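All remarks here apply to the structure that follows.
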Amino acid sequence: MTIDTVVVGAGPAGATAAREIAARGRGVVLLDRARFPRDKPCGGGVTVRCASLLPFDLAPVVEQVVTGAVLEDRAGRRVVRETGVPLTYLTQRAQLDAYLVEQAQAAGAEFRDGQHVRSVVQQRDGTYELRLAPRAARAAKGGGPSGAGGEVLRARTVVGADGANGVVTTQLSFAHPSERAIALEGLLPCPDGVPAWLRGRVVLSLAYLPGGYAWLFPKADHINIGLGGWEAAAGARLRPALDAYCRAHGFDPATLVALRGHHLPLQAPGMTVAAGGAALVGDAAALVDPLSGEGIYAAIASGIAVAPAVDDYLAGATRDLAGYQLALTRELGSELAASRDLMEVFHACPEPFAFALMRSRRVWGAAVALVRGETTYERITHRTGPIAATLGPLARVARRVSRRRYGAR
Ligand SMILES: Cc1cc2nc3c(=O)[nH]c(=O)nc-3n(C[C@H](O)[C@H](O)[C@H](O)COP(=O)(O)OP(=O)(O)OC[C@H]3O[C@@H](n4cnc5c(N)ncnc54)[C@H](O)[C@@H]3O)c2cc1C
């Protein structure tokens, strides 16, 4: 039997793509190599702009509603900003992702966890053959239904939602992102609840490491503490920097649990994310916001954007999924480009920008409007008038400076 669509990876991108495609009446199988519910390295911060993309409420998986922030600069100066309105919902990925998968199932998608896709090959007739790793039990008995290679699925379309460096990217010869950031996080257990000063607030320590920042995200019974930056500049410093960051905020690094690091892929402009009946979404398409490190928004946005193109292709109205590439460029292309330019300029000389964010109510107001989805990077940069015209060239210079300072990223 040939399935309409197989989605590889059941994070926010894959679960959303599966839900949206199934809701159009198409047959969808959603696969993940992990057993669900599964956790993954992530702050679990879902901005209001991100939550508003979803046609259902995230309340069942929200542990804290963030209405304010403690902003810190590299010298340790801090300001507290309160807004009185929701900015971000703090979740745990194990619960969030399982919930998004439930929504996909409710729309008609079939979910199979514990299914590791080993290979994806396009056939002569344009369909895709996906070979799964044999399950442990099956392997012990000498192989799955199709012998030692494990089960084989055939699909008319494939959505690669398997994160950075996933099997779909590699096997279907999509380009891997040339740049990536790296982040490390740990959990500080708070059995009696998080400290009062942190409830409903996040701590953001701007430019704590080159190309990134450090954070404290309070959840129901623990604090997620982490930091990130460009791999070349921050990679080796992550662990000692995390310990120092704990101590600076009055926490003993020896009490950290569940330490884990992960990459954040950054898209090169013009990267191909669709070919034939295959498309990449979320981290597989390297859609992380370069300035903020937010990835769940683009994961969900791309999962939504891919569905009409898949539906048209399955209906025989188009010959490939190029419509998705166009939609993604239209919806996210200029935003990612503006975020990237701002990131380059910010990290070339972070102090004045951190100062502006911490001291200027106007700049802070723009950041609030951004996470609430009331404005965009593009509108913010346009509002700066003549500065907007120089942002691109400035970013190119800043990039050269940071490359010279830190090497390839
Ligand atoms: C430390 C850290 C903190 C972060 N904090 C935030 C934050 O607070 N807010 C935010 O918006 N973003 C954050 N991000 C980014 C965010 O985590 C990602 O952008 C987001 O998870 C991307 O979702 P996705 O669905 O594309 O991929 P993922 O969530 O990575 O899901 C990919 C899935 O594919 C499965 N998979 C992989 N290979 C296979 C295979 N061969 N076969 C079957 N299944 C496979 C995996 O098991 C996984 O479940 C953070 C990232 C890091 C590293």
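Please note that chains go A, B, ... in the order of the structure tokens, that every chain numbers its residues from 1, and that ligands are numbered from 1 in the order shown.
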Query - Contact residues around Gly228 in chain A with only C-alpha atoms at 9 Å, ignoring same-chain residues under 2 positions, as a ChimeraX atom specification - result: /A:181-185,208-214,226,230-231,234-235,238,293
Can you pull out every residue with an atom within 6 Å of ligand 1? Use only C-alpha atoms and all ligand atoms and format it as a PDB file with C-alpha atoms, in the first residue's frame.
```pdb
ATOM      1  CA  VAL A   8       9.598  11.618   9.728  1.00  0.00           C
ATOM      2  CA  GLY A   9       9.966  13.143  13.212  1.00  0.00           C
ATOM      3  CA  ALA A  10       7.198  14.058  15.636  1.00  0.00           C
ATOM      4  CA  GLY A  11       8.511  17.299  17.157  1.00  0.00           C
ATOM      5  CA  PRO A  12       6.436  20.480  16.722  1.00  0.00           C
ATOM      6  CA  ALA A  13       7.226  20.652  12.982  1.00  0.00           C
ATOM      7  CA  GLY A  14       6.290  17.047  12.205  1.00  0.00           C
ATOM      8  CA  LEU A  31       6.990   8.352  12.702  1.00  0.00           C
ATOM      9  CA  ASP A  32       9.435   9.053  15.511  1.00  0.00           C
ATOM     10  CA  ARG A  33      12.419   7.008  16.576  1.00  0.00           C
ATOM     11  CA  ALA A  34      11.840   7.915  20.231  1.00  0.00           C
ATOM     12  CA  PRO A  41      17.047  19.766  25.005  1.00  0.00           C
ATOM     13  CA  CYS A  42      14.923  22.901  24.820  1.00  0.00           C
ATOM     14  CA  GLY A  43      13.807  25.761  27.053  1.00  0.00           C
ATOM     15  CA  GLY A  44      10.225  24.921  26.089  1.00  0.00           C
ATOM     16  CA  GLY A  45       9.416  28.618  25.617  1.00  0.00           C
ATOM     17  CA  VAL A  46       6.440  29.089  23.296  1.00  0.00           C
ATOM     18  CA  GLN A 115      10.308   3.764  14.663  1.00  0.00           C
ATOM     19  CA  HIS A 116      13.756   4.763  13.467  1.00  0.00           C
ATOM     20  CA  VAL A 117      13.866   5.637   9.765  1.00  0.00           C
ATOM     21  CA  ARG A 118      17.174   4.379   8.424  1.00  0.00           C
ATOM     22  CA  ALA A 161      10.804  16.863  10.312  1.00  0.00           C
ATOM     23  CA  ASP A 162      13.702  14.949  11.825  1.00  0.00           C
ATOM     24  CA  GLY A 163      15.724  17.891  13.106  1.00  0.00           C
ATOM     25  CA  GLY A 166      18.294  14.292   9.769  1.00  0.00           C
ATOM     26  CA  VAL A 167      18.083  11.221   7.581  1.00  0.00           C
ATOM     27  CA  ALA A 183      23.417  25.424  23.452  1.00  0.00           C
ATOM     28  CA  LEU A 184      23.745  23.619  26.780  1.00  0.00           C
ATOM     29  CA  GLU A 185      21.090  23.430  29.450  1.00  0.00           C
ATOM     30  CA  GLY A 261      23.552  20.120  24.711  1.00  0.00           C
ATOM     31  CA  HIS A 262      22.286  20.386  21.174  1.00  0.00           C
ATOM     32  CA  HIS A 263      22.833  22.287  17.931  1.00  0.00           C
ATOM     33  CA  LEU A 264      20.614  24.998  16.504  1.00  0.00           C
ATOM     34  CA  GLY A 282      11.421  22.965  11.270  1.00  0.00           C
ATOM     35  CA  ASP A 283      15.034  22.355  12.297  1.00  0.00           C
ATOM     36  CA  ALA A 284      15.488  20.014   9.322  1.00  0.00           C
ATOM     37  CA  VAL A 288      15.778  28.703  13.869  1.00  0.00           C
ATOM     38  CA  GLU A 294      13.461  30.505  18.876  1.00  0.00           C
ATOM     39  CA  GLY A 295      12.787  27.389  16.805  1.00  0.00           C
ATOM     40  CA  ILE A 296       9.305  26.224  17.774  1.00  0.00           C
ATOM     41  CA  TYR A 297       7.607  29.136  16.000  1.00  0.00           C
ATOM     42  CA  ALA A 299       8.717  24.601  13.212  1.00  0.00           C
TER      43      ALA A 299
END
```
Requested in this report: Compile the contact shell of range 321-333 of chain A as a ChimeraX atom specification: residues with an atom at most 8 Å away, counting only C-alpha atoms, same-chain residues fewer than 3 positions apart removed.
Outcome: /A:269,272-279,298,302,305-306,308-310,313,318,336-337
Write to file, as an mmCIF file, in the first residue's frame, the residues of the selection just made, with N, CA and C atoms.
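And here's out.cif as it stands now:
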```cif
data_model
loop_
_atom_site.group_PDB
_atom_site.id
_atom_site.type_symbol
_atom_site.label_atom_id
_atom_site.label_comp_id
_atom_site.auth_asym_id
_atom_site.auth_seq_id
_atom_site.Cartn_x
_atom_site.Cartn_y
_atom_site.Cartn_z
ATOM 1 N N PRO A 269 20.694 31.773 3.291
ATOM 2 C CA PRO A 269 19.652 32.289 2.414
ATOM 3 C C PRO A 269 19.548 31.450 1.140
ATOM 4 N N THR A 272 17.481 25.113 -0.345
ATOM 5 C CA THR A 272 16.364 24.361 -0.923
ATOM 6 C C THR A 272 15.697 23.515 0.162
ATOM 7 N N VAL A 273 14.384 23.642 0.280
ATOM 8 C CA VAL A 273 13.667 22.869 1.309
ATOM 9 C C VAL A 273 12.566 21.995 0.694
ATOM 10 N N ALA A 274 12.474 21.981 -0.640
ATOM 11 C CA ALA A 274 11.471 21.121 -1.282
ATOM 12 C C ALA A 274 12.007 20.656 -2.629
ATOM 13 N N ALA A 275 11.804 19.376 -2.913
ATOM 14 C CA ALA A 275 12.197 18.830 -4.220
ATOM 15 C C ALA A 275 11.328 17.618 -4.495
ATOM 16 N N GLY A 276 10.741 17.543 -5.680
ATOM 17 C CA GLY A 276 9.834 16.443 -5.998
ATOM 18 C C GLY A 276 8.699 16.410 -4.991
ATOM 19 N N GLY A 277 8.464 15.246 -4.393
ATOM 20 C CA GLY A 277 7.405 15.119 -3.392
ATOM 21 C C GLY A 277 7.953 15.140 -1.978
ATOM 22 N N ALA A 278 9.144 15.687 -1.784
ATOM 23 C CA ALA A 278 9.754 15.720 -0.444
ATOM 24 C C ALA A 278 9.986 17.154 0.011
ATOM 25 N N ALA A 279 9.826 17.381 1.293
ATOM 26 C CA ALA A 279 10.032 18.728 1.841
ATOM 27 C C ALA A 279 10.604 18.627 3.239
ATOM 28 N N ALA A 298 8.975 28.684 14.037
ATOM 29 C CA ALA A 298 9.175 28.342 12.618
ATOM 30 C C ALA A 298 8.856 26.870 12.358
ATOM 31 N N SER A 302 6.227 26.290 9.555
ATOM 32 C CA SER A 302 6.573 25.529 8.349
ATOM 33 C C SER A 302 5.692 24.287 8.218
ATOM 34 N N ALA A 305 2.708 25.586 6.638
ATOM 35 C CA ALA A 305 2.930 26.040 5.256
ATOM 36 C C ALA A 305 3.072 24.885 4.266
ATOM 37 N N VAL A 306 3.551 23.734 4.742
ATOM 38 C CA VAL A 306 3.814 22.638 3.805
ATOM 39 C C VAL A 306 2.515 21.940 3.361
ATOM 40 N N PRO A 308 -0.706 22.783 2.312
ATOM 41 C CA PRO A 308 -1.418 23.030 1.053
ATOM 42 C C PRO A 308 -0.640 22.516 -0.162
ATOM 43 N N ALA A 309 0.697 22.647 -0.108
ATOM 44 C CA ALA A 309 1.513 22.184 -1.242
ATOM 45 C C ALA A 309 1.438 20.658 -1.371
ATOM 46 N N VAL A 310 1.448 19.954 -0.233
ATOM 47 C CA VAL A 310 1.337 18.491 -0.254
ATOM 48 C C VAL A 310 -0.031 18.095 -0.804
ATOM 49 N N TYR A 313 -0.213 18.597 -4.513
ATOM 50 C CA TYR A 313 0.602 17.586 -5.201
ATOM 51 C C TYR A 313 -0.136 16.244 -5.233
ATOM 52 N N THR A 318 -0.138 19.807 -8.985
ATOM 53 C CA THR A 318 1.225 20.321 -9.181
ATOM 54 C C THR A 318 2.172 19.142 -9.386
ATOM 55 N N LEU A 336 13.662 35.888 8.654
ATOM 56 C CA LEU A 336 14.918 35.235 9.034
ATOM 57 C C LEU A 336 16.111 36.089 8.601
ATOM 58 N N ALA A 337 15.990 36.723 7.431
ATOM 59 C CA ALA A 337 17.098 37.557 6.934
ATOM 60 C C ALA A 337 17.279 38.775 7.845
#
```
Query raised in the report: Which residues, written as number ranges by chain, have at least one atom at most 12 Å from Phe353 in chain A, with only C-alpha atoms counted and residues fewer than 5 positions away on the same chain left out?
Result: A: 72-74, 206-207, 342-348, 358-360, 363-364
Can I get the selection written as an mmCIF file, in the first residue's frame, with C-alpha atoms?
```cif
data_model
loop_
_atom_site.group_PDB
_atom_site.id
_atom_site.type_symbol
_atom_site.label_atom_id
_atom_site.label_comp_id
_atom_site.auth_asym_id
_atom_site.auth_seq_id
_atom_site.Cartn_x
_atom_site.Cartn_y
_atom_site.Cartn_z
ATOM 1 C CA GLU A 72 21.076 41.458 32.308
ATOM 2 C CA ASP A 73 24.123 42.709 30.432
ATOM 3 C CA ARG A 74 27.618 41.255 30.417
ATOM 4 C CA LEU A 206 22.287 39.292 26.754
ATOM 5 C CA ALA A 207 25.415 38.274 24.810
ATOM 6 C CA LEU A 342 20.297 42.157 13.550
ATOM 7 C CA MET A 343 22.082 39.214 15.166
ATOM 8 C CA GLU A 344 25.319 39.934 13.275
ATOM 9 C CA VAL A 345 25.291 43.617 14.201
ATOM 10 C CA PHE A 346 24.225 42.952 17.802
ATOM 11 C CA HIS A 347 27.031 40.494 18.497
ATOM 12 C CA ALA A 348 29.730 42.581 16.811
ATOM 13 C CA MET A 358 17.481 47.535 28.984
ATOM 14 C CA ARG A 359 17.044 51.314 29.186
ATOM 15 C CA SER A 360 14.758 52.353 26.327
ATOM 16 C CA VAL A 363 13.124 49.285 22.247
ATOM 17 C CA TRP A 364 11.729 47.015 24.978
#
```
Query raised in the report: Near range 95-105 of chain A, counting only C-alpha atoms, which residues have an atom at most 7 Å away, once you skip same-chain residues fewer than 2 positions from it, shown as number ranges by chain?
Result: A: 10-12, 15-16, 18-19, 36-37, 61, 91-93, 107-111
**Report entry** Between CA of Pro60 in chain A and CA of Ala106 in chain A - distance in Å to one decimal
**Finding:** 15.9 Å
Query raised in the report: Which one of A:Leu259, A:Val368, A:Ala317, A:Val29 sits closest to Leu87 in chain A if you count only C-alpha atoms?
Result: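 Distance minimum relative to Leu87 in chain A lands on A:Val368.
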Report task. Pick out the residues sitting within 9 Å of Ala69 in chain A, and hand them over as a list in words; count only C-alpha atoms, and ignore anything fewer than 4 positions along from it in its own chain. Result -> Val79, Val80, Arg81, Glu82, Thr83, Leu198, Gly200, Arg201, Val202, Val203 and Leu204 of chain A
How about saving the chosen residues, N, CA and C atoms kept, as a JSON list (two decimals), in the first residue's frame?
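Writing the result to out_3.json gives the following:
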```json
[["chain", "number", "residue", "atom", "x", "y", "z"],
["A", 79, "VAL", "N", 17.89, 44.91, 34.86],
["A", 79, "VAL", "CA", 16.64, 45.66, 35.04],
["A", 79, "VAL", "C", 15.50, 44.65, 35.00],
["A", 80, "VAL", "N", 14.42, 44.98, 35.71],
["A", 80, "VAL", "CA", 13.25, 44.12, 35.70],
["A", 80, "VAL", "C", 12.17, 44.83, 34.88],
["A", 81, "ARG", "N", 11.60, 44.10, 33.93],
["A", 81, "ARG", "CA", 10.55, 44.66, 33.07],
["A", 81, "ARG", "C", 9.28, 43.85, 33.25],
["A", 82, "GLU", "N", 8.22, 44.50, 33.62],
["A", 82, "GLU", "CA", 6.91, 43.84, 33.76],
["A", 82, "GLU", "C", 5.98, 44.40, 32.68],
["A", 83, "THR", "N", 5.15, 43.54, 32.10],
["A", 83, "THR", "CA", 4.24, 44.04, 31.06],
["A", 83, "THR", "C", 2.77, 43.87, 31.45],
["A", 198, "LEU", "N", 11.12, 34.72, 40.54],
["A", 198, "LEU", "CA", 11.24, 34.20, 39.17],
["A", 198, "LEU", "C", 9.89, 33.77, 38.59],
["A", 200, "GLY", "N", 6.61, 33.70, 36.73],
["A", 200, "GLY", "CA", 6.05, 34.55, 35.68],
["A", 200, "GLY", "C", 7.09, 35.42, 34.99],
["A", 201, "ARG", "N", 8.38, 35.12, 35.24],
["A", 201, "ARG", "CA", 9.45, 35.91, 34.62],
["A", 201, "ARG", "C", 10.53, 35.00, 34.07],
["A", 202, "VAL", "N", 11.21, 35.48, 33.05],
["A", 202, "VAL", "CA", 12.43, 34.79, 32.61],
["A", 202, "VAL", "C", 13.61, 35.71, 32.88],
["A", 203, "VAL", "N", 14.79, 35.14, 33.03],
["A", 203, "VAL", "CA", 16.01, 35.94, 33.07],
["A", 203, "VAL", "C", 16.71, 35.75, 31.74],
["A", 204, "LEU", "N", 17.06, 36.85, 31.09],
["A", 204, "LEU", "CA", 17.80, 36.79, 29.82],
["A", 204, "LEU", "C", 19.09, 37.58, 29.99]]
```
Requested in this report: Give the strand (DSSP E) residues of range 152-328 of chain A, as assigned by DSSP on the backbone, as a ChimeraX atom specification.
Outcome: /A:152-160,179-189,201-206,213-218,222-230,257-266,274-275,278-280
Query - Residue list (alpha helix (DSSP H), DSSP) for range 320-385 of chain A, as a ChimeraX atom specification - result: /A:322-328,334-348,350-359,361-371,377-383
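Here CA of Val120 in chain A is placed at a distance of 5.9 Å from CA of Gln171 in chain A.
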Query - Counting only C-alpha atoms, the residue of A:Ala164, A:Leu188, A:Leu394, A:Leu54 that sits nearest Val257 in chain A - result: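 The shortest atom-to-atom distance to Val257 in chain A comes from A:Leu188.
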Requested in this report: For Arg49 in chain A, work out the shell of residues within 12 Å, counting only C-alpha atoms and skipping chain neighbours fewer than 6 positions away, then give it as a list of chain:residue names.
Outcome: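 Result of the neighbour search: A:Pro86, A:Leu87, A:Thr88, A:Tyr89, A:Glu294, A:Ile296, A:Tyr297, A:Ala298, A:Ile300, A:Ala301, A:Ala367, A:Val368, A:Ala369, A:Leu370, A:Val371, A:Arg372, A:Gly373, A:Glu374, A:Thr375, A:Thr376.
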Grab the residues selected above and save them as a CSV table (one decimal), in the first residue's frame with C-alpha atoms.
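Output file selection-v2.csv is given in full below:
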```csv
chain,number,residue,atom,x,y,z
A,86,PRO,CA,1.4,37.2,28.4
A,87,LEU,CA,4.7,37.1,26.4
A,88,THR,CA,5.7,33.5,26.4
A,89,TYR,CA,4.3,30.2,27.7
A,294,GLU,CA,13.5,30.5,18.9
A,296,ILE,CA,9.3,26.2,17.8
A,297,TYR,CA,7.6,29.1,16.0
A,298,ALA,CA,9.2,28.3,12.6
A,300,ILE,CA,5.0,25.1,13.6
A,301,ALA,CA,4.8,27.8,10.8
A,367,ALA,CA,10.7,43.3,21.6
A,368,VAL,CA,7.4,42.7,23.5
A,369,ALA,CA,5.4,43.4,20.3
A,370,LEU,CA,7.7,41.0,18.4
A,371,VAL,CA,7.2,38.0,20.8
A,372,ARG,CA,3.4,38.7,21.0
A,373,GLY,CA,3.2,38.7,17.1
A,374,GLU,CA,2.1,42.3,17.0
A,375,THR,CA,5.0,43.3,14.8
A,376,THR,CA,7.8,41.7,12.8
```
Query - Atomic distance CA of Gln64 in chain A - CA of Gly84 in chain A, expressed in Å with one decimal - result: 13.8 Å
